[in-house]
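Student: Below you will find the structure I want to go over with you.
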Amino acid sequence: MIKKLVLVFVAFITIQSYAQQGTASPYSFYGIGTLKFKGTVENRSMGGLSIYTDSIHINLRNPASYATENLASIPFNGESRPVKYTVGGSQSSINLKSATTSDKASSTTFDYLAVSIPMGKFGMGLSLMPQTAVGYKLESINSNGDLLNRFKGEGGLNKVNLGLGYLIGKGLSIGVDANYNFGNIQNSVVEYAYDSDGVILQNQSKESNRSDLSGLSLNFGLSYKTKVNNKYEFVSGFTYTPQSNLTSNNSRTISTIVINSTTSTEFTNNSFESDLDAVGLKQTDLTLPSKMSIGAGFGKPRSWFIGAEYTTEQTSKFFNPLYSSITTKYENGSNISFGGFFIPQYNSFSSYFKRVVYRAGLHYEKSGLNINNESINEFGISFGLGLPVGDLFSNANLGFEIGKRGTTNNNLIQENFVNFQLSLSLNDRWFQKRKYD
């Protein structure tokens, strides 16, 4: 039954992902898009808190979690070794607000697919996830209300991950992720021209850019938990992602187009490829800045937990030589998260809802993006449920988040968003010993 649920879920979110952009945020215009992966649904439901590790969920933010002591390392009835796997997707609705106007947008996307395999004191993880997303349609007008430019972008950066964790001693584990990052970003700008009477000309110019990105990166993790008074538990986590580079192979096309005023369909009259080699932009390097997080929490196992986590990122070192603007700069980013969960009675036989995991949290993020001398920050409040399904402690996880990003100051846009997330966190028997009469 669990495998059937996974197939249906993957098919649904894949169809939805192809149907819509991975994001509808105008801030995806900058850099390599807006950050898409912020953890599993369980993490995001607790304000983005990623320090907690347990026996039935995969923690994709800290590779040390692959080797923590948990149910996945214990054979059931001497017959099988349960393996954890998870798949998740999300739907986002955004209200875009400027100083004078407002609009709405939405997107539905696949977020991650992962498996965690126990191997004695070692643990291995495999995952696939979108890292960033680009998806915007913007227009600029002059003081007379005339259309000057139309901007459009799509694409993003994806990541394939191979992680390995090792259990050093009771409650202490380390791990490392090796990531292959890949993807492409496509954007275009149409520049409108008018005659001396203010009438729009038939032919317009269009510039189209494409960047194909690839590169390797690492992520190191440490996880430690210990009992306090033989009843409560102290949990801590640390991760560090060193600075790395992406190779960007770039192309640029300049076209003359005619736009149908009724359908907005574009017809190309002629076009030519720009010689990016001549200006040193055919192949460029993009720097992915280093990032570090540290957090700690306290709770009672299988009952409740509360914790905090702080993340800092050297975003000021990010630079994209192909797309630069004097109005945009990058500063160091940071994020602080608070959150936790509560389980009324994890082993209740009389009430299903007593076995449900209730999660909540909040976060404040300084993205590192600065436009027109305004820092683009984000605040969000989140809630979630972990619903038991099947056997072997599998769960369906629901997450709900409301918040805002950006500001209306200095002609910028504020995003008021509502996010809904869904995932399956599953435990299944692999390598099961067959019995014969």
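By order of appearance in the structure tokens: chains A, B, ..., then residues from 1 within every chain, and ligands from 1 in the order shown.
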Pick out the residues sitting within 6 Å of Gly403 in chain A, and hand them over as a short mmCIF file (atom, residue, chain, number, x, y, z; two decimals) with N, CA and C atoms, in the first residue's frame; count only C-alpha atoms, and ignore anything fewer than 4 positions along from it in its own chain.
Tutor:
```cif
data_model
loop_
_atom_site.label_atom_id
_atom_site.label_comp_id
_atom_site.auth_asym_id
_atom_site.auth_seq_id
_atom_site.Cartn_x
_atom_site.Cartn_y
_atom_site.Cartn_z
N PHE A 379 9.73 36.90 6.85
CA PHE A 379 9.24 36.42 8.14
C PHE A 379 8.10 35.44 7.89
N GLY A 380 8.10 34.32 8.62
CA GLY A 380 7.05 33.34 8.44
C GLY A 380 6.69 32.61 9.71
N ASN A 416 3.15 38.66 0.12
CA ASN A 416 2.44 38.02 1.23
C ASN A 416 2.09 36.60 0.76
N PHE A 417 2.69 35.59 1.39
CA PHE A 417 2.56 34.24 0.85
C PHE A 417 1.86 33.30 1.82
#
```
Student: With a distance cut-off of 8 Å and only C-alpha atoms, select the neighbouring residues of range 156-173 of chain A, excluding the residue or stretch itself and same-chain residues fewer than 5 positions from it, and output the selection as a ChimeraX atom specification.
Tutor: /A:32-33,63-69,121-134,178-185,213,222-226
Student: Counting only C-alpha atoms, figure out which residue out of A:Tyr240, A:Tyr27, A:Tyr52, A:Tyr330 gets nearest to Leu369 in chain A.
Tutor: A:Tyr330
Student: By how many Å are CA of Phe110 in chain A and CA of Gln421 in chain A apart?
Tutor: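 That distance, rounded to one decimal, is 9.9 Å.
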Student: Using DSSP secondary structure from the backbone, list all strand (DSSP E) positions within range 37-237 of chain A, as number ranges by chain.
Tutor: A: 81-97, 102-119, 122-141, 147-169, 172-191, 203-228, 232-237
Student: Which residues are close to Gly333 in chain A, i.e. within 9 Å by only C-alpha atoms, leaving aside same-chain residues fewer than 6 positions away? Reply as an NGL selection string.
Tutor: :A and (311-316 or 365-369)
